[in-house]
file coords_21.tsv (TSV, C-alpha atoms)
chain	number	residue	atom	x	y	z
N	1	GLU	CA	11.77	-3.04	25.19
N	2	VAL	CA	10.44	-6.53	25.49
N	3	SER	CA	10.81	-8.36	28.78
N	4	GLU	CA	12.09	-11.91	28.94
N	5	PRO	CA	9.37	-14.58	29.02
N	6	LYS	CA	8.52	-15.91	32.49
N	7	LYS	CA	7.70	-19.47	33.43
N	8	GLU	CA	4.31	-19.88	35.09
N	9	GLU	CA	2.80	-23.30	35.68
N	10	GLY	CA	4.55	-24.86	32.68
N	11	TRP	CA	3.64	-22.08	30.22
N	12	ASP	CA	5.90	-19.46	28.70
N	13	VAL	CA	4.16	-16.23	29.51
N	14	GLY	CA	5.66	-13.44	27.42
N	15	ARG	CA	4.92	-9.85	26.83
N	16	TRP	CA	3.19	-8.84	23.65
N	17	GLU	CA	3.39	-5.30	22.29
N	18	GLN	CA	1.84	-3.75	19.22
N	19	LYS	CA	2.35	-0.33	17.66
N	20	ASP	CA	-0.02	0.94	14.96
N	21	PHE	CA	1.55	3.02	12.16
N	22	GLY	CA	-1.44	3.01	9.76
N	23	LYS	CA	-1.88	6.78	9.45
N	24	ALA	CA	1.83	7.44	8.86
N	25	ALA	CA	1.97	4.60	6.31
N	26	GLU	CA	-1.08	5.97	4.48
N	27	SER	CA	0.46	9.44	4.30
N	28	LEU	CA	3.78	8.08	2.99
N	29	ILE	CA	2.04	5.92	0.36
N	30	LYS	CA	0.11	8.94	-0.92
N	31	ARG	CA	3.29	11.04	-1.13
N	32	GLU	CA	5.28	8.28	-2.84
N	33	LEU	CA	2.69	7.57	-5.54
N	34	LYS	CA	1.98	11.19	-6.48
N	35	GLY	CA	3.84	12.03	-9.68
N	36	LYS	CA	5.19	8.48	-10.10
N	37	PRO	CA	5.40	7.39	-13.77
N	38	THR	CA	4.32	3.95	-14.95
N	39	PRO	CA	7.13	1.53	-15.96
N	40	ASN	CA	7.27	2.57	-19.65
N	41	ASN	CA	6.33	6.18	-18.95
N	42	LEU	CA	2.98	6.01	-20.76
N	43	ALA	CA	1.14	7.51	-17.77
N	44	THR	CA	1.75	9.22	-14.43
N	45	PHE	CA	-0.08	8.79	-11.14
N	46	THR	CA	-1.43	12.22	-10.26
N	47	LEU	CA	-3.01	11.60	-6.88
N	48	CYS	CA	-3.56	8.72	-4.49
N	49	PHE	CA	-6.95	9.61	-3.04
N	50	LYS	CA	-8.04	6.46	-1.22
N	51	VAL	CA	-6.18	4.11	1.10
N	52	ALA	CA	-8.86	2.01	2.78
N	53	GLU	CA	-8.21	-0.09	5.87
N	54	CYS	CA	-4.47	0.55	6.04
N	55	GLN	CA	-3.07	-1.67	8.76
N	56	CYS	CA	0.61	-1.16	9.36
N	57	GLY	CA	2.51	-1.94	12.47
N	58	VAL	CA	5.17	-3.59	14.52
N	59	THR	CA	4.40	-6.45	16.83
N	60	ASN	CA	6.85	-7.72	19.43
N	61	SER	CA	6.02	-11.09	20.86
N	62	ARG	CA	8.47	-13.13	22.92
N	63	GLY	CA	11.39	-11.16	21.58
N	64	GLN	CA	10.36	-11.57	17.93
N	65	LYS	CA	9.77	-8.35	16.00
N	66	LYS	CA	7.28	-8.57	13.10
N	67	ILE	CA	6.52	-5.74	10.69
N	68	TYR	CA	3.40	-5.82	8.56
N	69	LEU	CA	1.42	-3.73	6.09
N	70	GLU	CA	-2.01	-4.60	4.70
N	71	ILE	CA	-4.31	-2.40	2.63
N	72	ASP	CA	-7.80	-3.49	1.56
N	73	GLN	CA	-8.10	-0.98	-1.29
N	74	LEU	CA	-5.96	1.72	-2.84
N	75	GLU	CA	-7.17	4.13	-5.53
N	76	CYS	CA	-5.01	6.52	-7.54
N	77	SER	CA	-5.84	8.83	-10.40
N	78	TRP	CA	-3.61	8.78	-13.48
N	79	GLU	CA	-3.15	10.70	-16.70
N	80	ALA	CA	-1.61	9.52	-19.96
N	81	ASN	CA	1.61	11.37	-20.67
N	82	ASP	CA	0.46	12.13	-24.23
N	83	GLY	CA	-2.68	13.79	-22.80
N	84	LYS	CA	-5.02	11.30	-24.48
N	85	GLY	CA	-6.35	9.42	-21.47
N	86	LYS	CA	-7.05	9.56	-17.77
N	87	GLY	CA	-8.80	7.67	-15.04
N	88	LYS	CA	-7.95	5.77	-11.90
N	89	VAL	CA	-6.52	2.44	-10.82
N	90	GLU	CA	-8.05	0.31	-8.09
N	91	VAL	CA	-5.62	-1.92	-6.23
N	92	THR	CA	-7.06	-4.51	-3.86
N	93	GLU	CA	-5.59	-6.62	-1.07
N	94	LEU	CA	-2.14	-5.10	-1.11
N	95	THR	CA	0.13	-6.62	1.55
N	96	HIS	CA	3.77	-6.74	2.56
N	97	SER	CA	3.96	-10.41	1.58
N	98	VAL	CA	2.32	-10.37	-1.87
N	99	ALA	CA	4.59	-10.80	-4.90
N	100	ALA	CA	4.63	-7.90	-7.39
N	101	ASP	CA	3.19	-10.05	-10.19
N	102	LYS	CA	0.25	-11.08	-7.95
N	103	ILE	CA	-0.89	-7.54	-7.12
N	104	ARG	CA	-4.37	-6.98	-8.56
N	105	ILE	CA	-4.68	-3.68	-10.41
N	106	LYS	CA	-7.85	-2.65	-12.21
N	107	PRO	CA	-7.58	0.36	-14.55
N	108	VAL	CA	-10.69	2.52	-14.95
N	109	PHE	CA	-10.84	5.00	-17.83
N	110	ARG	CA	-12.65	8.33	-17.61
N	111	THR	CA	-13.91	10.45	-20.46
N	112	ASP	CA	-14.76	14.10	-19.83
N	113	LYS	CA	-17.90	15.64	-21.29
N	114	GLY	CA	-17.41	16.48	-24.95
N	115	GLN	CA	-14.28	14.31	-25.20
N	116	GLU	CA	-14.07	11.32	-27.52
N	117	PRO	CA	-13.44	7.98	-25.78
N	118	LEU	CA	-10.08	6.38	-26.51
N	119	SER	CA	-9.94	4.00	-29.45
N	120	LYS	CA	-9.09	0.36	-28.82
N	121	GLU	CA	-5.59	0.98	-30.22
N	122	GLU	CA	-5.05	3.87	-27.77
N	123	ARG	CA	-6.63	2.16	-24.80
N	124	GLU	CA	-4.99	-1.28	-24.91
N	125	PRO	CA	-1.36	-0.21	-24.34
N	126	LEU	CA	-2.41	2.10	-21.48
N	127	GLU	CA	-4.48	-0.64	-19.88
N	128	ALA	CA	-1.61	-3.15	-20.12
N	129	GLU	CA	0.83	-0.56	-18.73
N	130	LEU	CA	-1.39	0.24	-15.75
N	131	LYS	CA	-1.99	-3.44	-14.97
N	132	ALA	CA	1.78	-3.97	-15.03
N	133	CYS	CA	2.40	-1.55	-12.14
N	134	GLY	CA	2.70	-4.31	-9.54
N	135	ALA	CA	6.45	-3.79	-9.16
N	136	LEU	CA	5.90	-0.05	-8.70
N	137	MET	CA	3.28	-0.71	-5.98
N	138	LYS	CA	5.60	-3.24	-4.31
N	139	GLU	CA	8.41	-0.67	-4.40
N	140	VAL	CA	6.21	1.80	-2.51
N	141	ILE	CA	5.21	-0.85	0.05
N	142	ASP	CA	8.87	-1.79	0.55
N	143	LYS	CA	9.73	1.90	1.08
N	144	VAL	CA	7.08	2.15	3.82
N	145	LEU	CA	8.45	-1.00	5.50
N	146	ALA	CA	12.02	0.33	5.28
N	147	GLU	CA	10.97	3.63	6.87
N	148	LEU	CA	9.14	1.70	9.58
N	149	SER	CA	12.17	-0.53	10.24
N	150	ALA	CA	14.42	2.52	10.46
N	151	GLY	CA	12.10	4.11	13.05
N	152	ASN	CA	11.17	7.03	10.77
N	153	LEU	CA	7.37	6.71	11.12
N	154	ALA	CA	5.37	7.93	14.10
N	155	PRO	CA	2.81	5.57	15.67
N	156	ASN	CA	-0.89	6.53	15.71
N	157	LYS	CA	-1.13	6.23	19.47
N	158	PRO	CA	0.95	4.85	22.32
N	159	GLU	CA	1.86	1.19	22.14
N	160	GLN	CA	-0.53	-1.41	23.41
N	161	VAL	CA	0.98	-3.91	25.84
N	162	TYR	CA	-0.78	-7.16	26.60
call {"tool": "encode", "arguments": {"input": "coords_21.tsv", "output": "structure tokens"}}
result
Amino acid sequence: EVSEPKKEEGWDVGRWEQKDFGKAAESLIKRELKGKPTPNNLATFTLCFKVAECQCGVTNSRGQKKIYLEIDQLECSWEANDGKGKGKVEVTELTHSVAADKIRIKPVFRTDKGQEPLSKEEREPLEAELKACGALMKEVIDKVLAELSAGNLAPNKPEQVY
């Protein structure tokens, strides 16, 4: 609970609390992305293996509750559903406030030893499909925020009160 602000020498002195949910958010993001198909079902995310600098929390300041989520870098492996391609996507600066069409997604293709690289005709639709996953990423972020709002995520450590 947040206490009412007090008046002290002309200033509103309030209580400020912060709860960190970064680890729970990271775990939920990894679960949500695993097995998720791309919008036109050309590929499927097989594993989310990196969530760097995941900052997720609730801040209460002067009776105002603010929920936030910021991730510096997210990396997920993917495989083409026709079996003809695989690699990873790198997503940078993913936040609760970014619009889906502004999410930066960089596809990286991988070729196994002895395997022929994809032709331009095979690669281009996959690349476009992977770059168009902003709405899917935003959907996952919104799910984390909804779970946080509903009180379904456990904080990393006890709240900090200032």
call {"tool": "atom_distance", "arguments": {"input": "coords_21.tsv", "atom1": "CA of Gly134 in chain N", "atom2": "CA of Val98 in chain N"}}
result
9.8 Å
call {"tool": "atom_distance", "arguments": {"input": "coords_21.tsv", "atom1": "CA of Leu69 in chain N", "atom2": "CA of Leu136 in chain N"}}
result
15.9 Å
call {"tool": "atom_distance", "arguments": {"input": "coords_21.tsv", "atom1": "CA of Ala24 in chain N", "atom2": "CA of Val91 in chain N"}}
result
19.3 Å
call {"tool": "residues_around", "arguments": {"input": "coords_21.tsv", "residues": "range 109-115 of chain N", "least_positions_apart": "6", "cutoff": "7 Å", "atoms": "only C-alpha atoms", "output": "VMD selection string"}}
result
chain N and resid 86 to 88
call {"tool": "closest_residue", "arguments": {"input": "coords_21.tsv", "among": "N:Glu32, N:Glu139, N:Glu124, N:Glu26", "to": "His96 in chain N", "atoms": "all atoms listed in the file"}}
result
N:Glu139
call {"tool": "closest_residue", "arguments": {"input": "coords_21.tsv", "among": "N:Lys19, N:Ala25, N:Ala99, N:Glu116", "to": "Glu147 in chain N", "atoms": "only C-alpha atoms"}}
result
N:Ala25
call {"tool": "residues_around", "arguments": {"input": "coords_21.tsv", "residues": "Val89 in chain N", "least_positions_apart": "2", "cutoff": "10 Å", "atoms": "all atoms listed in the file", "output": "list in words"}}
result
Phe45, Cys48, Leu74, Glu75, Cys76, Ser77, Trp78, Lys86, Gly87, Val91, Thr92, Arg104, Ile105, Lys106, Pro107, Val108, Phe109, Glu127, Leu130, Lys131 and Cys133 of chain N
call {"tool": "closest_atom_pairs", "arguments": {"input": "coords_21.tsv", "of": "range 6-109 of chain N", "to": "range 150-153 of chain N", "cutoff": "12 Å", "atoms": "only C-alpha atoms", "output": "JSON lines"}}
result
{"residue": "N:Lys19", "atom": "CA", "partner": "N:Leu153", "partner_atom": "CA", "distance": 10.8}
{"residue": "N:Asp20", "atom": "CA", "partner": "N:Leu153", "partner_atom": "CA", "distance": 10.1}
{"residue": "N:Phe21", "atom": "CA", "partner": "N:Leu153", "partner_atom": "CA", "distance": 7.0}
{"residue": "N:Gly22", "atom": "CA", "partner": "N:Leu153", "partner_atom": "CA", "distance": 9.7}
{"residue": "N:Lys23", "atom": "CA", "partner": "N:Leu153", "partner_atom": "CA", "distance": 9.4}
{"residue": "N:Ala24", "atom": "CA", "partner": "N:Leu153", "partner_atom": "CA", "distance": 6.0}
{"residue": "N:Ala25", "atom": "CA", "partner": "N:Leu153", "partner_atom": "CA", "distance": 7.5}
{"residue": "N:Glu26", "atom": "CA", "partner": "N:Leu153", "partner_atom": "CA", "distance": 10.8}
{"residue": "N:Ser27", "atom": "CA", "partner": "N:Leu153", "partner_atom": "CA", "distance": 10.1}
{"residue": "N:Leu28", "atom": "CA", "partner": "N:Leu153", "partner_atom": "CA", "distance": 9.0}
{"residue": "N:Cys56", "atom": "CA", "partner": "N:Leu153", "partner_atom": "CA", "distance": 10.5}
{"residue": "N:Gly57", "atom": "CA", "partner": "N:Leu153", "partner_atom": "CA", "distance": 10.0}
{"residue": "N:Val58", "atom": "CA", "partner": "N:Gly151", "partner_atom": "CA", "distance": 10.5}
{"residue": "N:Ile67", "atom": "CA", "partner": "N:Ala150", "partner_atom": "CA", "distance": 11.4}
call {"tool": "closest_residue", "arguments": {"input": "coords_21.tsv", "among": "N:Ile29, N:Ala52, N:Ala80, N:Ala43", "to": "Met137 in chain N", "atoms": "only C-alpha atoms"}}
result
N:Ile29
call {"tool": "closest_residue", "arguments": {"input": "coords_21.tsv", "among": "N:Lys36, N:Glu17, N:Leu42, N:Lys120", "to": "Arg62 in chain N", "atoms": "only C-alpha atoms"}}
result
N:Glu17
call {"tool": "closest_residue", "arguments": {"input": "coords_21.tsv", "among": "N:Asn81, N:Asn60, N:Ala146, N:Gln73", "to": "Ile103 in chain N", "atoms": "all atoms listed in the file"}}
result
N:Gln73
call {"tool": "closest_residue", "arguments": {"input": "coords_21.tsv", "among": "N:Lys102, N:Lys143, N:Ser149, N:Arg123", "to": "Leu33 in chain N", "atoms": "all atoms listed in the file"}}
result
N:Lys143
call {"tool": "decode", "arguments": {"input": "coords_21.tsv", "residues": "range 117-147 of chain N", "atoms": "N, CA, C and O atoms", "output": "short mmCIF file (atom, residue, chain, number, x, y, z; two decimals), in the first residue's frame"}}
result
data_model
loop_
_atom_site.label_atom_id
_atom_site.label_comp_id
_atom_site.auth_asym_id
_atom_site.auth_seq_id
_atom_site.Cartn_x
_atom_site.Cartn_y
_atom_site.Cartn_z
N PRO N 117 23.10 -22.99 -49.24
CA PRO N 117 22.42 -21.78 -48.76
C PRO N 117 21.12 -21.57 -49.53
O PRO N 117 20.97 -22.05 -50.66
N LEU N 118 20.19 -20.88 -48.91
CA LEU N 118 18.92 -20.60 -49.56
C LEU N 118 19.13 -19.69 -50.77
O LEU N 118 19.98 -18.80 -50.75
N SER N 119 18.35 -19.92 -51.81
CA SER N 119 18.39 -19.03 -52.97
C SER N 119 17.71 -17.71 -52.60
O SER N 119 17.00 -17.63 -51.60
N LYS N 120 17.92 -16.70 -53.40
CA LYS N 120 17.31 -15.39 -53.16
C LYS N 120 15.78 -15.52 -53.11
O LYS N 120 15.12 -14.91 -52.28
N GLU N 121 15.23 -16.34 -54.00
CA GLU N 121 13.79 -16.54 -54.07
C GLU N 121 13.24 -17.23 -52.82
O GLU N 121 12.11 -17.00 -52.42
N GLU N 122 14.04 -18.09 -52.19
CA GLU N 122 13.63 -18.77 -50.96
C GLU N 122 13.84 -17.87 -49.74
O GLU N 122 13.04 -17.89 -48.80
N ARG N 123 14.90 -17.11 -49.78
CA ARG N 123 15.28 -16.29 -48.63
C ARG N 123 14.40 -15.05 -48.44
O ARG N 123 14.03 -14.72 -47.32
N GLU N 124 14.09 -14.36 -49.54
CA GLU N 124 13.37 -13.08 -49.43
C GLU N 124 12.03 -13.16 -48.71
O GLU N 124 11.75 -12.34 -47.84
N PRO N 125 11.16 -14.14 -49.04
CA PRO N 125 9.88 -14.19 -48.32
C PRO N 125 10.06 -14.49 -46.82
O PRO N 125 9.34 -13.94 -45.99
N LEU N 126 11.02 -15.35 -46.50
CA LEU N 126 11.30 -15.65 -45.09
C LEU N 126 11.80 -14.42 -44.35
O LEU N 126 11.38 -14.13 -43.23
N GLU N 127 12.71 -13.69 -44.98
CA GLU N 127 13.26 -12.49 -44.37
C GLU N 127 12.16 -11.45 -44.11
O GLU N 127 12.07 -10.88 -43.03
N ALA N 128 11.30 -11.24 -45.10
CA ALA N 128 10.20 -10.29 -44.96
C ALA N 128 9.24 -10.74 -43.85
O ALA N 128 8.78 -9.93 -43.04
N GLU N 129 8.96 -12.03 -43.81
CA GLU N 129 8.06 -12.59 -42.79
C GLU N 129 8.62 -12.39 -41.39
O GLU N 129 7.91 -11.99 -40.47
N LEU N 130 9.91 -12.65 -41.22
CA LEU N 130 10.53 -12.50 -39.90
C LEU N 130 10.59 -11.04 -39.47
O LEU N 130 10.35 -10.72 -38.31
N LYS N 131 10.88 -10.15 -40.41
CA LYS N 131 10.91 -8.71 -40.09
C LYS N 131 9.53 -8.18 -39.73
O LYS N 131 9.41 -7.18 -39.05
N ALA N 132 8.49 -8.87 -40.19
CA ALA N 132 7.11 -8.43 -39.95
C ALA N 132 6.52 -9.01 -38.65
O ALA N 132 5.31 -9.00 -38.46
N CYS N 133 7.36 -9.49 -37.77
CA CYS N 133 6.88 -10.10 -36.52
C CYS N 133 6.72 -9.10 -35.38
O CYS N 133 6.61 -9.49 -34.22
N GLY N 134 6.71 -7.82 -35.69
CA GLY N 134 6.55 -6.80 -34.65
C GLY N 134 5.27 -6.97 -33.85
O GLY N 134 5.27 -6.87 -32.63
N ALA N 135 4.16 -7.25 -34.53
CA ALA N 135 2.88 -7.43 -33.84
C ALA N 135 2.94 -8.65 -32.92
O ALA N 135 2.39 -8.62 -31.80
N LEU N 136 3.60 -9.71 -33.36
CA LEU N 136 3.74 -10.90 -32.53
C LEU N 136 4.56 -10.58 -31.27
O LEU N 136 4.20 -10.98 -30.17
N MET N 137 5.66 -9.84 -31.44
CA MET N 137 6.49 -9.44 -30.29
C MET N 137 5.70 -8.55 -29.34
O MET N 137 5.76 -8.70 -28.12
N LYS N 138 4.92 -7.62 -29.90
CA LYS N 138 4.10 -6.71 -29.09
C LYS N 138 3.04 -7.50 -28.33
O LYS N 138 2.76 -7.21 -27.17
N GLU N 139 2.48 -8.52 -28.96
CA GLU N 139 1.49 -9.39 -28.31
C GLU N 139 2.10 -10.07 -27.08
O GLU N 139 1.46 -10.17 -26.03
N VAL N 140 3.33 -10.53 -27.21
CA VAL N 140 4.01 -11.19 -26.08
C VAL N 140 4.27 -10.17 -24.96
O VAL N 140 4.04 -10.47 -23.79
N ILE N 141 4.72 -8.98 -25.33
CA ILE N 141 4.97 -7.93 -24.33
C ILE N 141 3.67 -7.58 -23.61
O ILE N 141 3.64 -7.45 -22.38
N ASP N 142 2.59 -7.44 -24.36
CA ASP N 142 1.29 -7.11 -23.76
C ASP N 142 0.82 -8.21 -22.82
O ASP N 142 0.21 -7.94 -21.79
N LYS N 143 1.12 -9.47 -23.16
CA LYS N 143 0.75 -10.60 -22.28
C LYS N 143 1.51 -10.50 -20.96
O LYS N 143 0.94 -10.70 -19.89
N VAL N 144 2.80 -10.16 -21.02
CA VAL N 144 3.59 -10.01 -19.80
C VAL N 144 3.00 -8.89 -18.94
O VAL N 144 2.82 -9.04 -17.73
N LEU N 145 2.68 -7.76 -19.56
CA LEU N 145 2.11 -6.63 -18.82
C LEU N 145 0.75 -6.98 -18.21
O LEU N 145 0.44 -6.58 -17.08
N ALA N 146 -0.06 -7.75 -18.94
CA ALA N 146 -1.36 -8.18 -18.41
C ALA N 146 -1.18 -9.09 -17.20
O ALA N 146 -1.89 -8.95 -16.20
N GLU N 147 -0.23 -10.01 -17.29
CA GLU N 147 0.04 -10.91 -16.17
C GLU N 147 0.56 -10.12 -14.96
O GLU N 147 0.21 -10.40 -13.82
#
